[in-house]
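Colleague: Pasting a structure here, questions to come.
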Amino acid sequence: MKRFLRTLAVAALLAFCVITATQAKRGAETKDNNEMHWSAFDKDKLIQTSFNNQIDATKPMVALTFDDGPGKYTDRLLDVLEKYDARATFFMVGKNISAYPETVQRMKSLGCEYGNHTMNHKELTKEKADSIKKQIEKTDQALYEITGDHIYLVRPPYGSENAKVHEAVEAPFIMWSVDTWDWQRKNAKIVEEYVLHKVKDGDIVLLHDIHKTTVEAAEKFIPQLIEDGYQLVTVSELARARGVKLADDDTYYAFYPE
Ligand code: NI
């Protein structure tokens with residue numbers, strides 16, 4: 001009898017191991033499938049849920065965009081955005097997403113928008129189609145692992161695009177209408193004055209939150225823009241407020257009023 005019980009116990013243990021292993025394998029397969037179908041999520045829903053209904057479409061608005069982060073100054077920037085109830089879009093590099101998970105979570109809680117700026121800041125026109133896809137999908141995966149969200153908008157590094165890149169990436173490409181040259185100027189006062197001098201209704205402004213001087217400039221121009229009557233909105237909010245439905249194979253520079 002004792003021997004029978006022991007055999008039964010071993011059999012049960014074996015069965016348990018087989019079932020667990022099968023489930024683990026199935027889990028891995030599901031994950032792989034998610035990675036492969038980056039572009040299959042519901043983009044309309046993503047934009048719908050992130051849209052801030054407080055926006056007045058008849059009033060001036062601007063989309064501030066910050067590239068190459070997140071970095072060590074991004075939280076300071078988020079402090080300013082939070083203080084003034086402003087929003088921005090962050091075109092993030094995949095490897096930095098994984099390095100700053102809490103900062104990335106905070107962006108969402110403040111109503112900011114995520115953007116894809118590739119995994120390693122690659123100039124996509126110089127890559128093969130497979131590599132282009134991987135650069136975009138891995139960045140999306142990095143964000144998904146932290147937030148459960150996907151990234152819709154893409155900004156190719158250096159604004160570098162061609163037909164091959166568009167074919168590999170099914171997403172709207174978001175460029176800019178105001179280039180602050182903040183990464184080269186590295187001077188808070190000059191960047192602040194440039195933004196305030198240049199910006200008009202419907203602009204998309206290019207900035208980089210990896211530079212301390214840019215964040216210092218933002219601490220000044222964000223309250224000033226609001227005082228000047230601008231609503232600081234995300235790229236998707238700006239497009240929607242101006243009646244533009246973003247298309248997967250198009251490139252956008254600004255959303256000016258008609
Ligand atoms: Ni960049």
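Simple scheme: letters A, B, ... for chains in structure tokens order, numbers from 1 for residues in each chain, numbers from 1 for ligands in the order shown.
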So which residues of range 26-226 of chain A fall under strand (DSSP E or B) by DSSP, listed as a PyMOL selection string?
Modeller: chain A and resi 61-67+89-92+113-116+153-154+173-174+178-179+203-208
Colleague: Show me which residues line ligand 1, defined as having an atom within 6 Å of a ligand atom where only C-alpha atoms and all ligand atoms count, and present them as a ChimeraX atom specification.
Modeller: /A:67-68,157-158
Colleague: Within 12 Å of range 230-243 of chain A, which residues of range 68-150 of chain A show up? Give each one with its shortest atom-to-atom distance in Å (one decimal) and the two atoms involved, counting only C-alpha atoms, rows by chain then rising residue number, as JSON lines.
Modeller:
```
{"residue": "A:Val80", "atom": "CA", "partner": "A:Leu232", "partner_atom": "CA", "distance": 11.9}
{"residue": "A:Leu81", "atom": "CA", "partner": "A:Leu232", "partner_atom": "CA", "distance": 9.0}
{"residue": "A:Glu82", "atom": "CA", "partner": "A:Leu232", "partner_atom": "CA", "distance": 11.5}
{"residue": "A:Tyr84", "atom": "CA", "partner": "A:Leu232", "partner_atom": "CA", "distance": 9.4}
{"residue": "A:Asp85", "atom": "CA", "partner": "A:Leu232", "partner_atom": "CA", "distance": 8.5}
{"residue": "A:Ala86", "atom": "CA", "partner": "A:Leu232", "partner_atom": "CA", "distance": 5.2}
{"residue": "A:Arg87", "atom": "CA", "partner": "A:Val233", "partner_atom": "CA", "distance": 5.1}
{"residue": "A:Ala88", "atom": "CA", "partner": "A:Thr234", "partner_atom": "CA", "distance": 5.0}
{"residue": "A:Thr89", "atom": "CA", "partner": "A:Thr234", "partner_atom": "CA", "distance": 5.3}
{"residue": "A:Phe90", "atom": "CA", "partner": "A:Thr234", "partner_atom": "CA", "distance": 9.1}
{"residue": "A:Phe91", "atom": "CA", "partner": "A:Val235", "partner_atom": "CA", "distance": 10.8}
{"residue": "A:Met107", "atom": "CA", "partner": "A:Thr234", "partner_atom": "CA", "distance": 11.5}
{"residue": "A:Lys108", "atom": "CA", "partner": "A:Thr234", "partner_atom": "CA", "distance": 11.5}
{"residue": "A:Leu110", "atom": "CA", "partner": "A:Thr234", "partner_atom": "CA", "distance": 11.2}
{"residue": "A:Gly111", "atom": "CA", "partner": "A:Thr234", "partner_atom": "CA", "distance": 8.4}
{"residue": "A:Cys112", "atom": "CA", "partner": "A:Thr234", "partner_atom": "CA", "distance": 6.4}
{"residue": "A:Glu113", "atom": "CA", "partner": "A:Thr234", "partner_atom": "CA", "distance": 6.0}
{"residue": "A:Tyr114", "atom": "CA", "partner": "A:Thr234", "partner_atom": "CA", "distance": 9.2}
{"residue": "A:Gly115", "atom": "CA", "partner": "A:Val235", "partner_atom": "CA", "distance": 9.4}
```
Colleague: Take the residues just selected and output them with N, CA and C atoms as a short mmCIF file (atom, residue, chain, number, x, y, z; two decimals), in the first residue's frame.
Modeller:
```cif
data_model
loop_
_atom_site.label_atom_id
_atom_site.label_comp_id
_atom_site.auth_asym_id
_atom_site.auth_seq_id
_atom_site.Cartn_x
_atom_site.Cartn_y
_atom_site.Cartn_z
N VAL A 80 7.05 70.94 -13.75
CA VAL A 80 6.53 72.19 -14.33
C VAL A 80 5.21 71.93 -15.04
N LEU A 81 5.18 70.85 -15.83
CA LEU A 81 3.95 70.52 -16.55
C LEU A 81 2.81 70.32 -15.56
N GLU A 82 3.10 69.61 -14.48
CA GLU A 82 2.08 69.34 -13.47
C GLU A 82 1.61 70.63 -12.81
N TYR A 84 1.48 73.61 -13.91
CA TYR A 84 0.68 74.49 -14.76
C TYR A 84 -0.40 73.74 -15.54
N ASP A 85 -0.64 72.48 -15.15
CA ASP A 85 -1.66 71.66 -15.80
C ASP A 85 -1.46 71.66 -17.33
N ALA A 86 -0.21 71.50 -17.74
CA ALA A 86 0.13 71.49 -19.16
C ALA A 86 0.51 70.06 -19.57
N ARG A 87 0.42 69.81 -20.89
CA ARG A 87 0.78 68.49 -21.39
C ARG A 87 1.81 68.61 -22.51
N ALA A 88 2.55 67.54 -22.71
CA ALA A 88 3.56 67.51 -23.76
C ALA A 88 3.62 66.09 -24.33
N THR A 89 4.35 65.96 -25.43
CA THR A 89 4.54 64.64 -26.03
C THR A 89 6.03 64.28 -25.93
N PHE A 90 6.30 63.05 -25.50
CA PHE A 90 7.68 62.61 -25.31
C PHE A 90 8.04 61.54 -26.34
N PHE A 91 8.91 61.90 -27.28
CA PHE A 91 9.40 60.92 -28.25
C PHE A 91 10.63 60.26 -27.64
N MET A 107 4.45 60.37 -16.68
CA MET A 107 4.02 61.08 -17.89
C MET A 107 2.54 60.81 -18.15
N LYS A 108 2.20 59.53 -18.07
CA LYS A 108 0.82 59.13 -18.37
C LYS A 108 -0.14 59.73 -17.35
N LEU A 110 0.00 62.38 -15.88
CA LEU A 110 -0.16 63.82 -16.11
C LEU A 110 -0.86 64.11 -17.45
N GLY A 111 -1.23 63.06 -18.17
CA GLY A 111 -1.95 63.25 -19.44
C GLY A 111 -1.03 63.52 -20.61
N CYS A 112 0.26 63.26 -20.44
CA CYS A 112 1.20 63.45 -21.55
C CYS A 112 1.09 62.29 -22.54
N GLU A 113 1.66 62.49 -23.71
CA GLU A 113 1.56 61.47 -24.75
C GLU A 113 2.93 60.83 -25.00
N TYR A 114 2.89 59.52 -25.26
CA TYR A 114 4.11 58.78 -25.59
C TYR A 114 4.36 58.82 -27.09
N GLY A 115 5.64 58.97 -27.45
CA GLY A 115 6.02 58.87 -28.85
C GLY A 115 7.24 57.96 -28.99
#
```
Colleague: In Å, how far is it from CA of Lys126 in chain A to CA of Arg155 in chain A?
Modeller: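 One can read the CA of Lys126 in chain A to CA of Arg155 in chain A distance as 15.4 Å.
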Colleague: Residues within 9 Å of range 163-173 of chain A, please, as a PyMOL selection string. Count only C-alpha atoms; anything in the same chain fewer than 6 positions from it doesn't count.
Modeller: chain A and resi 39+124-125+127-130+132-133+136+152-156+246-253
Colleague: Using only N, CA, C and O atoms, please write the residues we just selected to a file, as a PDB file, in the first residue's frame.
Modeller:
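Result saved to again_20.pdb:
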```pdb
ATOM      1  N   SER A  39       1.436  46.851 -34.653  1.00  0.00           N
ATOM      2  CA  SER A  39       0.543  47.821 -35.292  1.00  0.00           C
ATOM      3  C   SER A  39      -0.925  47.412 -35.244  1.00  0.00           C
ATOM      4  O   SER A  39      -1.772  48.075 -35.815  1.00  0.00           O
ATOM      5  N   LEU A 124      16.943  55.785 -39.438  1.00  0.00           N
ATOM      6  CA  LEU A 124      16.226  54.652 -40.029  1.00  0.00           C
ATOM      7  C   LEU A 124      16.448  54.500 -41.528  1.00  0.00           C
ATOM      8  O   LEU A 124      16.396  53.385 -42.055  1.00  0.00           O
ATOM      9  N   THR A 125      16.711  55.596 -42.233  1.00  0.00           N
ATOM     10  CA  THR A 125      16.920  55.493 -43.687  1.00  0.00           C
ATOM     11  C   THR A 125      18.150  54.649 -44.021  1.00  0.00           C
ATOM     12  O   THR A 125      18.281  54.158 -45.136  1.00  0.00           O
ATOM     13  N   GLU A 127      18.912  51.886 -42.350  1.00  0.00           N
ATOM     14  CA  GLU A 127      18.682  50.526 -41.862  1.00  0.00           C
ATOM     15  C   GLU A 127      17.893  49.703 -42.886  1.00  0.00           C
ATOM     16  O   GLU A 127      17.177  50.256 -43.724  1.00  0.00           O
ATOM     17  N   LYS A 128      18.013  48.392 -42.748  1.00  0.00           N
ATOM     18  CA  LYS A 128      17.186  47.491 -43.570  1.00  0.00           C
ATOM     19  C   LYS A 128      15.785  47.410 -42.964  1.00  0.00           C
ATOM     20  O   LYS A 128      15.609  47.693 -41.772  1.00  0.00           O
ATOM     21  N   ALA A 129      14.821  47.006 -43.774  1.00  0.00           N
ATOM     22  CA  ALA A 129      13.418  46.965 -43.335  1.00  0.00           C
ATOM     23  C   ALA A 129      13.234  46.207 -42.019  1.00  0.00           C
ATOM     24  O   ALA A 129      12.522  46.671 -41.122  1.00  0.00           O
ATOM     25  N   ASP A 130      13.891  45.061 -41.876  1.00  0.00           N
ATOM     26  CA  ASP A 130      13.777  44.257 -40.651  1.00  0.00           C
ATOM     27  C   ASP A 130      14.250  45.029 -39.430  1.00  0.00           C
ATOM     28  O   ASP A 130      13.622  44.995 -38.372  1.00  0.00           O
ATOM     29  N   ILE A 132      14.506  48.287 -39.139  1.00  0.00           N
ATOM     30  CA  ILE A 132      13.613  49.429 -38.896  1.00  0.00           C
ATOM     31  C   ILE A 132      12.435  48.967 -38.037  1.00  0.00           C
ATOM     32  O   ILE A 132      12.107  49.576 -37.022  1.00  0.00           O
ATOM     33  N   LYS A 133      11.831  47.851 -38.452  1.00  0.00           N
ATOM     34  CA  LYS A 133      10.678  47.300 -37.712  1.00  0.00           C
ATOM     35  C   LYS A 133      11.060  47.008 -36.265  1.00  0.00           C
ATOM     36  O   LYS A 133      10.325  47.316 -35.336  1.00  0.00           O
ATOM     37  N   ILE A 136      11.379  50.003 -33.924  1.00  0.00           N
ATOM     38  CA  ILE A 136      10.089  50.561 -33.513  1.00  0.00           C
ATOM     39  C   ILE A 136       9.363  49.607 -32.555  1.00  0.00           C
ATOM     40  O   ILE A 136       8.867  50.004 -31.506  1.00  0.00           O
ATOM     41  N   TYR A 152       1.776  55.099 -30.391  1.00  0.00           N
ATOM     42  CA  TYR A 152       1.243  55.240 -31.732  1.00  0.00           C
ATOM     43  C   TYR A 152       2.155  56.114 -32.599  1.00  0.00           C
ATOM     44  O   TYR A 152       2.612  55.709 -33.670  1.00  0.00           O
ATOM     45  N   LEU A 153       2.447  57.316 -32.144  1.00  0.00           N
ATOM     46  CA  LEU A 153       3.174  58.283 -32.956  1.00  0.00           C
ATOM     47  C   LEU A 153       4.662  57.954 -33.043  1.00  0.00           C
ATOM     48  O   LEU A 153       5.257  57.489 -32.082  1.00  0.00           O
ATOM     49  N   VAL A 154       5.242  58.224 -34.194  1.00  0.00           N
ATOM     50  CA  VAL A 154       6.665  57.965 -34.410  1.00  0.00           C
ATOM     51  C   VAL A 154       7.360  59.248 -34.855  1.00  0.00           C
ATOM     52  O   VAL A 154       6.828  59.994 -35.678  1.00  0.00           O
ATOM     53  N   ARG A 155       8.512  59.497 -34.276  1.00  0.00           N
ATOM     54  CA  ARG A 155       9.381  60.547 -34.805  1.00  0.00           C
ATOM     55  C   ARG A 155      10.726  59.897 -35.122  1.00  0.00           C
ATOM     56  O   ARG A 155      11.466  59.515 -34.221  1.00  0.00           O
ATOM     57  N   PRO A 156      11.035  59.755 -36.405  1.00  0.00           N
ATOM     58  CA  PRO A 156      12.303  59.122 -36.755  1.00  0.00           C
ATOM     59  C   PRO A 156      13.471  60.031 -36.353  1.00  0.00           C
ATOM     60  O   PRO A 156      13.394  61.240 -36.571  1.00  0.00           O
ATOM     61  N   LEU A 246      -5.132  61.446 -38.052  1.00  0.00           N
ATOM     62  CA  LEU A 246      -3.768  61.032 -38.383  1.00  0.00           C
ATOM     63  C   LEU A 246      -3.775  59.744 -39.203  1.00  0.00           C
ATOM     64  O   LEU A 246      -4.486  58.798 -38.868  1.00  0.00           O
ATOM     65  N   ALA A 247      -2.987  59.739 -40.275  1.00  0.00           N
ATOM     66  CA  ALA A 247      -2.926  58.559 -41.147  1.00  0.00           C
ATOM     67  C   ALA A 247      -1.585  57.855 -40.988  1.00  0.00           C
ATOM     68  O   ALA A 247      -0.551  58.497 -40.748  1.00  0.00           O
ATOM     69  N   ASP A 248      -1.629  56.531 -41.136  1.00  0.00           N
ATOM     70  CA  ASP A 248      -0.459  55.700 -40.885  1.00  0.00           C
ATOM     71  C   ASP A 248       0.709  55.928 -41.846  1.00  0.00           C
ATOM     72  O   ASP A 248       1.820  55.530 -41.562  1.00  0.00           O
ATOM     73  N   ASP A 249       0.441  56.535 -42.992  1.00  0.00           N
ATOM     74  CA  ASP A 249       1.521  56.668 -43.966  1.00  0.00           C
ATOM     75  C   ASP A 249       1.854  58.130 -44.247  1.00  0.00           C
ATOM     76  O   ASP A 249       2.407  58.462 -45.277  1.00  0.00           O
ATOM     77  N   ASP A 250       1.494  58.992 -43.294  1.00  0.00           N
ATOM     78  CA  ASP A 250       1.682  60.420 -43.546  1.00  0.00           C
ATOM     79  C   ASP A 250       2.671  61.042 -42.560  1.00  0.00           C
ATOM     80  O   ASP A 250       2.936  60.481 -41.495  1.00  0.00           O
ATOM     81  N   THR A 251       3.180  62.208 -42.947  1.00  0.00           N
ATOM     82  CA  THR A 251       4.119  62.950 -42.098  1.00  0.00           C
ATOM     83  C   THR A 251       3.520  64.311 -41.793  1.00  0.00           C
ATOM     84  O   THR A 251       2.976  64.955 -42.689  1.00  0.00           O
ATOM     85  N   TYR A 252       3.617  64.721 -40.533  1.00  0.00           N
ATOM     86  CA  TYR A 252       2.979  65.973 -40.098  1.00  0.00           C
ATOM     87  C   TYR A 252       4.014  66.904 -39.472  1.00  0.00           C
ATOM     88  O   TYR A 252       4.911  66.454 -38.756  1.00  0.00           O
ATOM     89  N   TYR A 253       3.829  68.202 -39.722  1.00  0.00           N
ATOM     90  CA  TYR A 253       4.794  69.200 -39.232  1.00  0.00           C
ATOM     91  C   TYR A 253       4.148  70.198 -38.279  1.00  0.00           C
ATOM     92  O   TYR A 253       4.819  70.781 -37.432  1.00  0.00           O
TER      93      TYR A 253
END
```
Colleague: Would you please work out which residue, of A:Val215, A:Val104, A:Met175, A:Val62, is nearest to Gly148 in chain A when using only C-alpha atoms?
Modeller: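 Distance minimum relative to Gly148 in chain A lands on A:Val104.
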Colleague: Write out as an NGL selection string each polymer residue whose atoms come within 9 Å of Glu193 in chain A, counting only C-alpha atoms; drop sequence neighbours fewer than 4 positions from it.
Modeller: :A and (188-189 or 197-198 or 217 or 221)
Colleague: Kindly export the residues of the current selection with all heavy atoms, as a PDB file, in the first residue's frame.
Modeller:
```
ATOM      1  N   ALA A 188      19.791  78.247 -21.557  1.00  0.00           N
ATOM      2  CA  ALA A 188      18.383  78.316 -21.151  1.00  0.00           C
ATOM      3  C   ALA A 188      17.720  79.622 -21.603  1.00  0.00           C
ATOM      4  O   ALA A 188      16.594  79.601 -22.117  1.00  0.00           O
ATOM      5  CB  ALA A 188      18.276  78.156 -19.640  1.00  0.00           C
ATOM      6  N   LYS A 189      18.416  80.721 -21.433  1.00  0.00           N
ATOM      7  CA  LYS A 189      17.827  82.036 -21.746  1.00  0.00           C
ATOM      8  C   LYS A 189      17.533  82.150 -23.263  1.00  0.00           C
ATOM      9  O   LYS A 189      16.467  82.605 -23.665  1.00  0.00           O
ATOM     10  CB  LYS A 189      18.796  83.142 -21.291  1.00  0.00           C
ATOM     11  CG  LYS A 189      18.207  84.521 -21.318  1.00  0.00           C
ATOM     12  CD  LYS A 189      17.179  84.709 -20.197  1.00  0.00           C
ATOM     13  CE  LYS A 189      16.359  85.976 -20.416  1.00  0.00           C
ATOM     14  NZ  LYS A 189      15.079  85.910 -19.690  1.00  0.00           N
ATOM     15  N   HIS A 197       9.462  83.793 -28.877  1.00  0.00           N
ATOM     16  CA  HIS A 197       9.472  84.630 -30.064  1.00  0.00           C
ATOM     17  C   HIS A 197       8.842  83.910 -31.273  1.00  0.00           C
ATOM     18  O   HIS A 197       8.136  84.499 -32.068  1.00  0.00           O
ATOM     19  CB  HIS A 197      10.920  85.018 -30.382  1.00  0.00           C
ATOM     20  CG  HIS A 197      11.083  85.755 -31.668  1.00  0.00           C
ATOM     21  ND1 HIS A 197      10.656  87.052 -31.845  1.00  0.00           N
ATOM     22  CD2 HIS A 197      11.615  85.377 -32.856  1.00  0.00           C
ATOM     23  CE1 HIS A 197      10.918  87.431 -33.072  1.00  0.00           C
ATOM     24  NE2 HIS A 197      11.493  86.438 -33.728  1.00  0.00           N
ATOM     25  N   LYS A 198       9.113  82.612 -31.383  1.00  0.00           N
ATOM     26  CA  LYS A 198       8.749  81.856 -32.589  1.00  0.00           C
ATOM     27  C   LYS A 198       7.336  81.271 -32.578  1.00  0.00           C
ATOM     28  O   LYS A 198       6.690  81.158 -33.613  1.00  0.00           O
ATOM     29  CB  LYS A 198       9.740  80.692 -32.761  1.00  0.00           C
ATOM     30  CG  LYS A 198      11.004  81.081 -33.496  1.00  0.00           C
ATOM     31  CD  LYS A 198      10.744  81.043 -34.991  1.00  0.00           C
ATOM     32  CE  LYS A 198      12.008  81.390 -35.762  1.00  0.00           C
ATOM     33  NZ  LYS A 198      11.754  81.457 -37.197  1.00  0.00           N
ATOM     34  N   ALA A 217      14.871  76.258 -19.436  1.00  0.00           N
ATOM     35  CA  ALA A 217      14.121  77.133 -20.350  1.00  0.00           C
ATOM     36  C   ALA A 217      12.628  76.860 -20.228  1.00  0.00           C
ATOM     37  O   ALA A 217      11.811  77.788 -20.164  1.00  0.00           O
ATOM     38  CB  ALA A 217      14.587  76.915 -21.784  1.00  0.00           C
ATOM     39  N   PHE A 221       9.383  79.254 -20.079  1.00  0.00           N
ATOM     40  CA  PHE A 221       8.452  79.508 -21.194  1.00  0.00           C
ATOM     41  C   PHE A 221       7.095  78.826 -21.023  1.00  0.00           C
ATOM     42  O   PHE A 221       6.113  79.284 -21.617  1.00  0.00           O
ATOM     43  CB  PHE A 221       9.084  79.241 -22.571  1.00  0.00           C
ATOM     44  CG  PHE A 221       9.422  77.815 -22.927  1.00  0.00           C
ATOM     45  CD1 PHE A 221       8.440  76.843 -23.042  1.00  0.00           C
ATOM     46  CD2 PHE A 221      10.740  77.452 -23.206  1.00  0.00           C
ATOM     47  CE1 PHE A 221       8.744  75.544 -23.416  1.00  0.00           C
ATOM     48  CE2 PHE A 221      11.064  76.153 -23.571  1.00  0.00           C
ATOM     49  CZ  PHE A 221      10.054  75.194 -23.666  1.00  0.00           C
TER      50      PHE A 221
END
```
Colleague: Could you go through range 30-210 of chain A and tell me which residues DSSP, when run on the backbone, assigns to helix (DSSP H, G or I), listing them as a PyMOL selection string?
Modeller: chain A and resi 30-36+38-40+43-50+74-83+94-99+101-109+124-126+129-147+157-159+163-168+182-185+188-198
Colleague: Would you please work out which residue, of A:Ile151, A:Met119, A:Ile204, A:Ala218, is nearest to Gly69 in chain A when using only C-alpha atoms?
Modeller: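 Going through A:Ile151, A:Met119, A:Ile204, A:Ala218 one by one, the smallest distance to Gly69 in chain A is for A:Met119.
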Colleague: Pick from A:Glu258, A:Glu102, A:Glu145, A:Asp201: nearest to Ala63 in chain A, with only C-alpha atoms counted?
Modeller: A:Asp201
Colleague: Between CA of Ile222 in chain A and CA of Val178 in chain A, what is the spacing in Å?
Modeller: 15.3 Å
Colleague: Mind giving me the straight-line distance from CA of Gln141 in chain A to CA of Tyr100 in chain A in Å, one decimal?
Modeller: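 Interatomic distance, CA of Gln141 in chain A to CA of Tyr100 in chain A: 14.6 Å.
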Colleague: I need the residue nearest Tyr144 in chain A from this list: A:Ile226, A:Leu64, A:Ile97, A:Val199. Use only C-alpha atoms for the distance.
Modeller: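 Among A:Ile226, A:Leu64, A:Ile97, A:Val199, it is A:Ile97 that comes nearest to Tyr144 in chain A.
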Colleague: Residues at most 6 Å from Asp140 in chain A, counting only C-alpha atoms, excluding those fewer than 3 positions away in the same chain, as a ChimeraX atom specification?
Modeller: /A:137,143,150-151
